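K.L.:
Please find query_1.txt (compact mmCIF, C-alpha atoms and all ligand atoms) on the next line:
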# COMPACT_ATOMS: atom_id res chain seq x y z
CA MET A 6 107.48 280.78 16.09
CA ALA A 7 106.45 278.73 19.13
CA LEU A 8 102.76 278.39 20.04
CA LYS A 9 102.17 280.39 23.24
CA ILE A 10 100.30 278.23 25.71
CA GLY A 11 98.53 279.08 28.99
CA VAL A 12 97.91 276.34 31.56
CA ILE A 13 94.76 276.41 33.71
CA GLY A 14 95.36 273.99 36.59
CA THR A 15 98.90 273.05 37.61
CA GLY A 16 98.17 269.82 39.50
CA ALA A 17 99.41 266.34 38.56
CA ILE A 18 98.57 266.19 34.86
CA GLY A 19 98.98 269.96 34.32
CA ARG A 20 102.59 269.69 35.55
CA ASP A 21 103.14 266.55 33.50
CA HIS A 22 102.01 268.35 30.32
CA ILE A 23 104.18 271.38 31.20
CA ARG A 24 107.16 269.03 31.61
CA ARG A 25 106.57 267.39 28.22
CA ILE A 26 106.05 270.71 26.40
CA THR A 27 109.19 272.23 27.90
CA SER A 28 111.48 269.20 27.63
CA ASN A 29 110.18 266.60 25.11
CA LEU A 30 107.99 268.25 22.51
CA SER A 31 108.60 270.92 19.90
CA GLY A 32 106.78 274.09 18.87
CA GLY A 33 105.16 275.03 22.19
CA GLN A 34 106.08 277.49 24.94
CA ILE A 35 104.31 277.97 28.30
CA THR A 36 103.71 281.70 28.71
CA ALA A 37 100.98 281.83 31.38
CA VAL A 38 99.71 279.73 34.27
CA THR A 39 96.87 279.87 36.76
CA ASP A 40 95.63 277.66 39.59
CA VAL A 41 93.35 278.28 42.57
CA ASN A 42 96.42 277.17 44.53
CA GLU A 43 98.59 280.23 43.78
CA THR A 44 101.63 278.94 45.68
CA ALA A 45 101.67 275.67 43.73
CA ALA A 46 101.31 277.44 40.37
CA LYS A 47 104.16 279.84 41.15
CA ALA A 48 106.30 276.91 42.28
CA VAL A 49 105.74 275.29 38.86
CA ILE A 50 107.13 278.40 37.14
CA ASP A 51 110.33 278.04 39.19
CA GLU A 52 110.51 274.24 38.93
CA TYR A 53 110.48 274.27 35.11
CA GLY A 54 112.26 277.63 34.70
CA LEU A 55 109.28 278.96 32.70
CA GLN A 56 109.21 282.43 31.11
CA ALA A 57 105.58 282.59 32.19
CA THR A 58 103.29 284.93 34.10
CA PHE A 59 100.94 283.84 36.90
CA TYR A 60 97.33 285.05 36.62
CA VAL A 61 94.77 284.84 39.43
CA ASN A 62 92.15 283.00 37.37
CA ASP A 63 91.23 281.69 33.90
CA GLN A 64 89.40 284.90 32.90
CA GLU A 65 92.40 287.07 33.66
CA LEU A 66 94.77 284.64 31.92
CA LEU A 67 92.58 284.72 28.81
CA GLU A 68 92.16 288.51 28.86
CA LYS A 69 95.68 289.59 29.74
CA GLY A 70 97.92 286.61 28.98
CA ASP A 71 100.06 286.40 25.86
CA VAL A 72 98.52 283.09 24.75
CA ASP A 73 97.40 281.46 21.46
CA ALA A 74 96.05 278.35 23.18
CA VAL A 75 95.22 276.98 26.64
CA LEU A 76 95.52 273.60 28.34
CA ILE A 77 92.66 273.04 30.79
CA THR A 78 93.94 270.66 33.43
CA SER A 79 91.92 271.82 36.44
CA TRP A 80 89.33 269.68 38.29
CA GLY A 81 86.52 268.34 36.10
CA PRO A 82 83.75 270.61 37.49
CA ALA A 83 85.80 273.70 36.50
CA HIS A 84 86.35 272.64 32.86
CA GLU A 85 83.12 273.90 31.27
CA GLN A 86 83.52 277.50 32.42
CA SER A 87 87.15 277.67 31.24
CA VAL A 88 86.41 276.04 27.86
CA LEU A 89 83.52 278.46 27.20
CA ALA A 90 85.65 281.45 28.19
CA ALA A 91 88.48 280.28 25.92
CA ILE A 92 86.12 279.82 22.94
CA GLU A 93 84.68 283.29 23.62
CA ALA A 94 88.25 284.65 23.51
CA GLY A 95 88.89 282.74 20.23
CA LYS A 96 91.70 280.62 21.73
CA TYR A 97 92.47 277.00 20.91
CA VAL A 98 91.73 274.67 23.85
CA PHE A 99 93.12 271.33 24.92
CA CYS A 100 90.78 270.15 27.70
CA GLU A 101 91.49 267.10 29.85
CA LYS A 102 88.60 264.70 30.35
CA PRO A 103 85.81 265.27 31.22
CA LEU A 104 85.02 268.05 28.74
CA ALA A 105 82.21 268.98 31.15
CA THR A 106 80.63 266.99 33.97
CA THR A 107 77.20 266.94 32.31
CA ALA A 108 75.91 266.25 28.80
CA GLU A 109 74.18 269.66 28.89
CA GLY A 110 77.54 271.30 29.67
CA CYS A 111 79.11 269.54 26.66
CA ARG A 112 76.20 270.71 24.51
CA ARG A 113 76.83 274.32 25.58
CA ILE A 114 80.46 273.94 24.49
CA ILE A 115 79.41 272.40 21.16
CA ASP A 116 76.96 275.27 20.57
CA ALA A 117 79.67 277.84 21.37
CA GLU A 118 82.11 276.15 19.00
CA ILE A 119 79.50 275.98 16.23
CA LYS A 120 78.76 279.68 16.79
CA HIS A 121 82.48 280.40 16.48
CA GLY A 122 82.33 278.53 13.14
CA LYS A 123 85.51 276.46 13.47
CA ARG A 124 86.92 273.74 15.72
CA LEU A 125 88.88 275.16 18.65
CA VAL A 126 88.57 272.29 21.17
CA GLN A 127 90.54 269.04 21.52
CA VAL A 128 89.62 266.66 24.36
CA GLY A 129 92.33 264.71 26.23
CA PHE A 130 91.33 261.19 25.19
CA MET A 131 94.96 260.15 24.79
CA ARG A 132 94.38 256.44 24.18
CA ARG A 133 93.63 257.23 20.54
CA TYR A 134 97.34 258.10 20.29
CA ASP A 135 98.57 254.86 21.95
CA SER A 136 100.36 252.67 19.39
CA GLY A 137 98.59 249.51 20.67
CA TYR A 138 95.12 251.01 20.21
CA VAL A 139 96.15 252.47 16.83
CA GLN A 140 97.15 248.94 15.69
CA LEU A 141 93.84 247.54 16.98
CA LYS A 142 91.93 250.16 15.00
CA GLN A 143 93.91 249.44 11.86
CA ALA A 144 93.19 245.70 12.19
CA ILE A 145 89.46 246.37 12.69
CA ASP A 146 89.27 248.88 9.81
CA GLU A 147 91.09 246.44 7.49
CA GLN A 148 88.70 243.64 8.54
CA VAL A 149 91.66 241.45 9.62
CA ILE A 150 89.28 239.59 12.00
CA GLY A 151 86.11 240.08 9.94
CA GLU A 152 83.28 241.96 11.64
CA PRO A 153 83.87 242.59 15.37
CA LEU A 154 81.30 240.78 17.52
CA MET A 155 82.42 241.26 21.12
CA ILE A 156 85.00 243.21 23.13
CA ARG A 157 86.40 242.23 26.51
CA CYS A 158 88.29 244.88 28.37
CA ALA A 159 89.58 245.73 31.83
CA HIS A 160 90.72 248.96 33.49
CA ARG A 161 92.54 248.17 36.72
CA ASN A 162 94.27 250.54 39.13
CA PRO A 163 96.31 249.37 42.14
CA GLU A 164 94.32 251.51 44.59
CA SER A 165 91.83 254.36 44.69
CA ALA A 166 92.02 257.58 46.74
CA PRO A 167 89.69 257.96 49.77
CA THR A 168 87.80 260.65 47.81
CA TYR A 169 87.04 258.21 44.96
CA THR A 170 83.36 257.19 44.80
CA SER A 171 81.55 254.37 42.98
CA ASP A 172 80.22 256.66 40.22
CA MET A 173 83.80 257.80 39.51
CA ALA A 174 84.46 254.26 38.26
CA ILE A 175 82.40 255.53 35.31
CA THR A 176 83.05 259.27 35.11
CA ASP A 177 86.77 259.20 35.91
CA THR A 178 87.89 255.72 34.85
CA LEU A 179 85.58 253.93 32.36
CA ILE A 180 85.31 257.22 30.43
CA HIS A 181 88.55 256.29 28.63
CA GLU A 182 87.05 252.97 27.44
CA ILE A 183 83.82 254.78 26.49
CA ASP A 184 85.80 257.05 24.18
CA VAL A 185 88.33 254.67 22.75
CA LEU A 186 85.87 251.83 22.02
CA HIS A 187 83.40 253.96 20.03
CA TRP A 188 86.40 255.29 18.08
CA LEU A 189 87.78 251.75 17.52
CA LEU A 190 84.46 250.44 16.25
CA ASN A 191 83.30 253.63 14.52
CA ASP A 192 79.94 252.85 16.12
CA ASP A 193 77.71 254.46 18.75
CA TYR A 194 76.38 253.00 22.00
CA LYS A 195 72.78 251.85 22.35
CA SER A 196 72.39 250.54 25.90
CA VAL A 197 74.20 249.72 29.13
CA GLN A 198 73.80 247.56 32.20
CA VAL A 199 76.05 247.43 35.29
CA SER A 200 76.61 244.42 37.60
CA TYR A 201 78.59 244.08 40.78
CA PRO A 202 80.58 240.95 41.57
CA ARG A 203 81.63 240.17 45.14
CA LYS A 204 83.35 243.25 46.61
CA THR A 205 87.11 243.24 47.20
CA ARG A 206 88.16 243.61 50.85
CA HIS A 207 90.65 246.29 49.67
CA ALA A 208 87.89 248.79 48.74
CA LEU A 209 86.76 251.42 51.25
CA SER A 210 83.32 250.89 52.79
CA HIS A 211 81.54 253.48 50.58
CA MET A 212 82.79 251.89 47.34
CA ARG A 213 81.49 249.21 44.95
CA ASP A 214 84.60 247.61 43.51
CA PRO A 215 84.97 245.84 41.09
CA GLN A 216 82.16 246.65 38.66
CA VAL A 217 81.25 245.06 35.33
CA VAL A 218 79.72 247.24 32.63
CA LEU A 219 77.92 245.66 29.66
CA LEU A 220 77.63 248.06 26.73
CA GLU A 221 75.82 247.34 23.46
CA THR A 222 76.47 249.28 20.26
CA ASN A 223 74.05 250.12 17.44
CA GLY A 224 75.93 247.58 15.31
CA GLY A 225 75.22 244.85 17.89
CA VAL A 226 78.73 244.55 19.37
CA LEU A 227 78.62 243.53 23.05
CA ILE A 228 81.33 244.99 25.28
CA THR A 229 82.17 243.77 28.77
CA ALA A 230 84.29 246.30 30.63
CA GLU A 231 85.64 245.45 34.07
CA ILE A 232 86.54 248.39 36.30
CA PHE A 233 88.65 247.32 39.29
CA VAL A 234 90.33 250.25 41.00
CA ASN A 235 91.78 248.43 44.02
CA CYS A 236 93.30 245.43 42.24
CA ARG A 237 96.59 245.95 44.12
CA TYR A 238 98.91 244.24 41.61
CA GLY A 239 99.34 247.08 39.08
CA TYR A 240 97.90 249.51 36.54
CA ASP A 241 96.59 247.17 33.90
CA ILE A 242 94.67 248.00 30.73
CA GLN A 243 93.34 245.08 28.69
CA CYS A 244 91.35 245.05 25.47
CA GLU A 245 90.49 242.09 23.28
CA VAL A 246 88.30 242.34 20.18
CA ILE A 247 86.64 239.08 19.13
CA GLY A 248 85.65 239.01 15.46
CA GLU A 249 84.11 236.58 12.98
CA ASP A 250 87.51 235.36 11.75
CA GLY A 251 89.81 235.85 14.72
CA ILE A 252 90.82 237.92 17.73
CA VAL A 253 92.99 241.03 18.09
CA LYS A 254 94.37 242.04 21.47
CA LEU A 255 96.05 245.14 22.90
CA PRO A 256 99.78 244.40 23.33
CA GLU A 257 101.34 244.43 26.80
CA PRO A 258 103.62 247.45 27.42
CA SER A 259 107.08 246.39 26.28
CA SER A 260 109.41 245.28 29.04
CA ILE A 261 112.27 242.85 29.49
CA SER A 262 111.38 239.37 30.67
CA ILE A 263 113.00 238.03 33.81
CA ARG A 264 113.87 234.41 34.65
CA LYS A 265 114.57 234.13 38.34
CA GLU A 266 113.91 231.80 41.28
CA ALA A 267 112.01 229.28 39.17
CA MET A 268 109.77 232.05 37.73
CA PHE A 269 109.47 233.68 34.30
CA GLY A 270 107.76 237.04 33.84
CA THR A 271 107.74 240.77 33.05
CA ARG A 272 107.15 243.81 35.23
CA ILE A 273 103.68 245.36 35.44
CA LEU A 274 103.48 249.17 35.58
CA MET A 275 101.94 250.77 38.69
CA ASP A 276 101.22 254.31 37.44
CA TRP A 277 98.88 255.49 34.65
CA LYS A 278 101.36 258.28 33.78
CA ASP A 279 103.94 255.67 32.69
CA ARG A 280 101.51 253.38 30.83
CA PHE A 281 100.41 256.08 28.38
CA ILE A 282 103.48 258.34 28.43
CA GLU A 283 104.04 258.15 24.67
CA ALA A 284 100.34 258.65 23.95
CA TYR A 285 100.29 261.84 26.07
CA ASP A 286 103.35 263.09 24.20
CA ARG A 287 101.73 262.39 20.83
CA GLU A 288 98.36 263.96 21.70
CA ILE A 289 99.92 267.25 22.89
CA GLN A 290 102.36 267.33 19.94
CA ASP A 291 99.38 266.76 17.62
CA PHE A 292 97.52 269.63 19.33
CA ILE A 293 100.48 271.98 18.76
CA ASP A 294 101.14 270.81 15.18
CA SER A 295 97.53 270.86 14.04
CA ILE A 296 97.09 274.42 15.34
CA GLY A 297 100.14 275.27 13.21
CA ARG A 298 98.29 273.84 10.21
CA GLY A 299 95.13 275.76 11.20
CA GLU A 300 92.95 272.67 11.72
CA LEU A 301 92.55 270.50 14.84
CA GLN A 302 92.27 266.77 14.18
CA GLY A 303 92.22 265.15 17.67
CA PRO A 304 89.16 264.08 19.73
CA THR A 305 86.38 266.66 19.39
CA ALA A 306 83.87 268.37 21.67
CA TRP A 307 81.35 265.96 20.07
CA ASP A 308 83.45 263.03 21.40
CA GLY A 309 83.32 264.74 24.82
CA TYR A 310 79.52 264.87 24.50
CA ILE A 311 79.28 261.17 23.45
CA ALA A 312 81.35 260.26 26.51
CA ALA A 313 79.21 262.41 28.84
CA VAL A 314 75.87 261.02 27.59
CA THR A 315 77.18 257.45 27.81
CA ALA A 316 78.62 258.05 31.29
CA ASP A 317 75.26 259.48 32.47
CA ALA A 318 73.48 256.31 31.27
CA CYS A 319 76.12 254.12 32.95
CA VAL A 320 75.66 255.95 36.27
CA LYS A 321 71.87 255.54 35.92
CA ALA A 322 72.42 251.82 35.25
CA GLN A 323 74.66 251.58 38.34
CA GLU A 324 71.75 252.82 40.43
CA SER A 325 68.85 251.04 38.72
CA GLY A 326 70.49 247.68 38.00
CA GLU A 327 68.45 247.79 34.77
CA ARG A 328 69.42 248.01 31.12
CA GLU A 329 69.45 251.74 30.28
CA GLU A 330 69.08 253.22 26.79
CA ILE A 331 71.74 255.61 25.47
CA VAL A 332 70.36 258.33 23.19
CA PHE A 333 72.36 261.06 21.42
CA THR A 334 71.17 264.14 19.57
CA GLU A 335 71.93 264.56 15.85
CA LYS A 336 75.64 264.99 15.06
CA PRO A 337 76.30 268.58 13.90
CA ALA A 338 77.97 269.22 10.52
CA LEU A 339 81.03 270.76 12.24
CA TYR A 340 81.89 267.26 13.54
CA GLY A 341 81.14 265.38 10.32
CA GLY A 342 77.38 264.96 10.69
CA GLN A 343 74.81 265.73 7.99
CA PRO A 344 74.37 269.49 7.45
CA VAL A 345 71.00 270.73 8.73
CA SER A 346 68.69 271.66 5.82
CA GLN A 347 68.17 275.43 5.50
CA ALA A 348 64.78 274.97 3.79
P1 LIG B 1 94.92 267.48 40.51
O1 LIG B 1 93.98 267.59 41.67
O2 LIG B 1 96.29 266.94 40.74
O3 LIG B 1 95.09 268.92 39.83
C1 LIG B 1 94.02 269.77 39.53
C2 LIG B 1 94.48 271.21 39.75
O4 LIG B 1 93.46 272.09 39.31
C3 LIG B 1 94.76 271.53 41.23
O5 LIG B 1 96.06 272.08 41.34
C4 LIG B 1 93.67 272.53 41.59
O6 LIG B 1 94.10 273.47 42.56
C5 LIG B 1 93.40 273.17 40.24
N1 LIG B 1 92.10 273.82 40.07
C6 LIG B 1 90.89 273.37 40.50
N2 LIG B 1 89.93 274.24 40.11
C7 LIG B 1 90.54 275.22 39.42
C8 LIG B 1 90.11 276.39 38.75
N3 LIG B 1 88.82 276.73 38.71
N4 LIG B 1 91.02 277.17 38.13
C9 LIG B 1 92.33 276.86 38.17
N5 LIG B 1 92.82 275.76 38.80
C10 LIG B 1 91.93 274.95 39.39
O7 LIG B 1 94.15 266.63 39.40
P2 LIG B 1 94.76 265.91 38.12
O8 LIG B 1 95.00 264.48 38.42
O9 LIG B 1 95.86 266.71 37.57
O10 LIG B 1 93.49 265.94 37.14
C11 LIG B 1 93.13 267.12 36.47
C12 LIG B 1 92.17 266.77 35.34
O11 LIG B 1 92.83 265.91 34.42
C13 LIG B 1 90.91 266.03 35.79
O12 LIG B 1 89.83 266.43 35.02
C14 LIG B 1 91.24 264.55 35.51
O13 LIG B 1 90.11 263.76 35.25
C15 LIG B 1 92.11 264.68 34.28
N6 LIG B 1 93.08 263.59 34.17
C16 LIG B 1 93.22 262.97 32.97
C17 LIG B 1 94.08 261.92 32.84
C18 LIG B 1 94.21 261.22 31.54
O14 LIG B 1 94.66 260.09 31.53
N7 LIG B 1 93.84 261.82 30.43
C19 LIG B 1 94.89 261.44 33.94
C20 LIG B 1 94.72 262.20 35.15
C21 LIG B 1 93.85 263.24 35.24
C1 LIG B 2 92.72 258.90 35.94
O1 LIG B 2 91.94 260.02 36.24
C2 LIG B 2 92.94 258.83 34.50
O2 LIG B 2 92.40 259.54 33.70
C3 LIG B 2 93.77 257.70 34.09
O3 LIG B 2 94.06 257.70 32.73
C4 LIG B 2 92.95 256.50 34.41
O4 LIG B 2 93.51 255.33 33.94
C5 LIG B 2 92.73 256.41 35.91
O5 LIG B 2 91.99 255.27 36.18
C6 LIG B 2 91.98 257.66 36.35
O6 LIG B 2 91.82 257.62 37.73
Could you express the structure from this file as structure tokens?
Ligand code: NAI
Ligand code: ISE
P.N.:
Amino acid sequence: MALKIGVIGTGAIGRDHIRRITSNLSGGQITAVTDVNETAAKAVIDEYGLQATFYVNDQELLEKGDVDAVLITSWGPAHEQSVLAAIEAGKYVFCEKPLATTAEGCRRIIDAEIKHGKRLVQVGFMRRYDSGYVQLKQAIDEQVIGEPLMIRCAHRNPESAPTYTSDMAITDTLIHEIDVLHWLLNDDYKSVQVSYPRKTRHALSHMRDPQVVLLETNGGVLITAEIFVNCRYGYDIQCEVIGEDGIVKLPEPSSISIRKEAMFGTRILMDWKDRFIEAYDREIQDFIDSIGRGELQGPTAWDGYIAAVTADACVKAQESGEREEIVFTEKPALYGGQPVSQA
């Protein structure tokens, strides 16, 4: 029987996930939707021909909807309340990043999940499902390049919206690198510093763009991450791991090469939705399948907390210009940490 799914937030990525569940993936069925924009949510029901009911808010959807699980794809500041309500109702939750906008908010979610006694939450860090990153991780785990020493990466978008602010370079954009790099290295962050090169003329006056973030891990790996959200030429994600015995690099998205007018090259994607389309498919399919097996295996609420604490330190470093420490609390047993002694 199909997993009955409610969607909280039917904007860009909410609609994209509804499209993939209804047309690409197996084992899931959208039975309920809500959005503060009622007209848009009802239009989605028609657009995808859903056998789904509209509810006025997340609480009502959780109380009255015929749902086993929810996708939380609303604006970041609304996530915490919906995740907590879903845990309270005992529903499985797929929450887009950020899990919550503060580390304290993530902690509240972790505490609620621990109280429930079982993992219910998967966070939408889809890069872990991208075949390029999976190959990088395999190479690192198998010590193909010896111990990793440094990572160079870049997250470039063609342009940013007028509502985009300098701190969003961290909380909205770098957050993907924050998650995927600690997963790649199986290591935690220790400190961060942020520098600003000369500003591009394409950035709006209130923005610092590009930015260079220098992260250090407990294992001593130094990471330089460039965030450049008005690069104009395309949506470009780069990651190169430099090890003791060699280098591994994220592959370019596959595309035909073109020889024309004395030039040789390949197309560069413009839209993040296309770059990670297969990874989004795999993460949602994994969510559905692992609920079927009774045990979630994707990114955890603890990963959401790691990302939030690291992002907070990065934003502090943006403002101070100093090297800022990154400190986490003890990892709870539910997420693979040491069980707390009962003595
Ligand atoms: P969007 O603005 O297109 O859609 C958000 C929707 O949520 C809107 O329709 C809005 O009316 C609705 N909404 C806001 N508050 C709500 C509430 N309390 N209850 C119900 N609906 C509410 O934004 P977009 O791009 O779809 O982003 C949504 C979330 O997904 C954000 O947290 C964003 O960071 C994340 N995201 C993740 C991506 C990824 O690569 N994993 C890519 C794009 C977005
Ligand atoms: C967007 O919110 C995302 O999450 C995309 O994955 C990311 O690449 C983009 O830079 C963000 O704005």
K.L.:
Restricting the calculation to all atoms listed in the file: of A:Val128, A:Val88, A:Leu339, A:Leu154, which residue gets closest to A:Asp291?
P.N.:
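Ranked by minimum distance to A:Asp291, first place goes to A:Val128.
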K.L.:
Give the residues close to ligand LIG 2 (chain B), within 8 Å, counting all atoms listed in the file; write them as a PyMOL selection string.
P.N.:
chain A and resi 102+160-162+165+174+177-179+181+234+240+277-278+281
K.L.:
Would you work out the distance separating atom CA of A:Gly16 from atom CA of A:Val38, expressed in Å to one decimal?
P.N.:
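Value for the atom CA of A:Gly16-atom CA of A:Val38 distance: 11.3 Å.
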K.L.:
Please identify all polymer residues within 7 Å of A:Val320, counting all atoms listed in the file, omitting same-chain residues fewer than 3 positions from it, and present them as a list in words.
P.N.:
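The filter keeps Asp172, Ile175, Ala316, Asp317, Gln323 and Glu324 of chain A.
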K.L.:
Determine the nearest neighbour of ligand LIG 1 (chain B) from the options A:Lys321, A:Lys69, A:Arg132, A:Lys47, counting all atoms listed in the file.
P.N.:
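Of A:Lys321, A:Lys69, A:Arg132, A:Lys47, the one nearest ligand LIG 1 (chain B) is A:Arg132, counting all atoms listed in the file.
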K.L.:
May I ask you to write as a PyMOL selection string all residues lying at most 9 Å from ligand LIG 1 (chain B), with all atoms listed in the file counted?
P.N.:
chain A and resi 12-21+38-43+45-46+61-63+77-84+86-87+100-105+128-132+176-178+181+277-278+281+285
K.L.:
Show me the residues around (94.5, 249.3, 22.6) - criterion: an atom at most 8 Å away, all atoms listed in the file counted - as a JSON list (two decimals) with C-alpha atoms, keeping the file's coordinate frame.
P.N.:
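As written to disk, out-v1.json reads:
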[["chain", "number", "residue", "atom", "x", "y", "z"],
["A", 132, "ARG", "CA", 94.38, 256.44, 24.18],
["A", 135, "ASP", "CA", 98.57, 254.86, 21.95],
["A", 136, "SER", "CA", 100.36, 252.67, 19.39],
["A", 137, "GLY", "CA", 98.59, 249.51, 20.67],
["A", 138, "TYR", "CA", 95.12, 251.01, 20.21],
["A", 139, "VAL", "CA", 96.15, 252.47, 16.83],
["A", 140, "GLN", "CA", 97.15, 248.94, 15.69],
["A", 141, "LEU", "CA", 93.84, 247.54, 16.98],
["A", 243, "GLN", "CA", 93.34, 245.08, 28.69],
["A", 244, "CYS", "CA", 91.35, 245.05, 25.47],
["A", 254, "LYS", "CA", 94.37, 242.04, 21.47],
["A", 255, "LEU", "CA", 96.05, 245.14, 22.90],
["A", 256, "PRO", "CA", 99.78, 244.40, 23.33]]
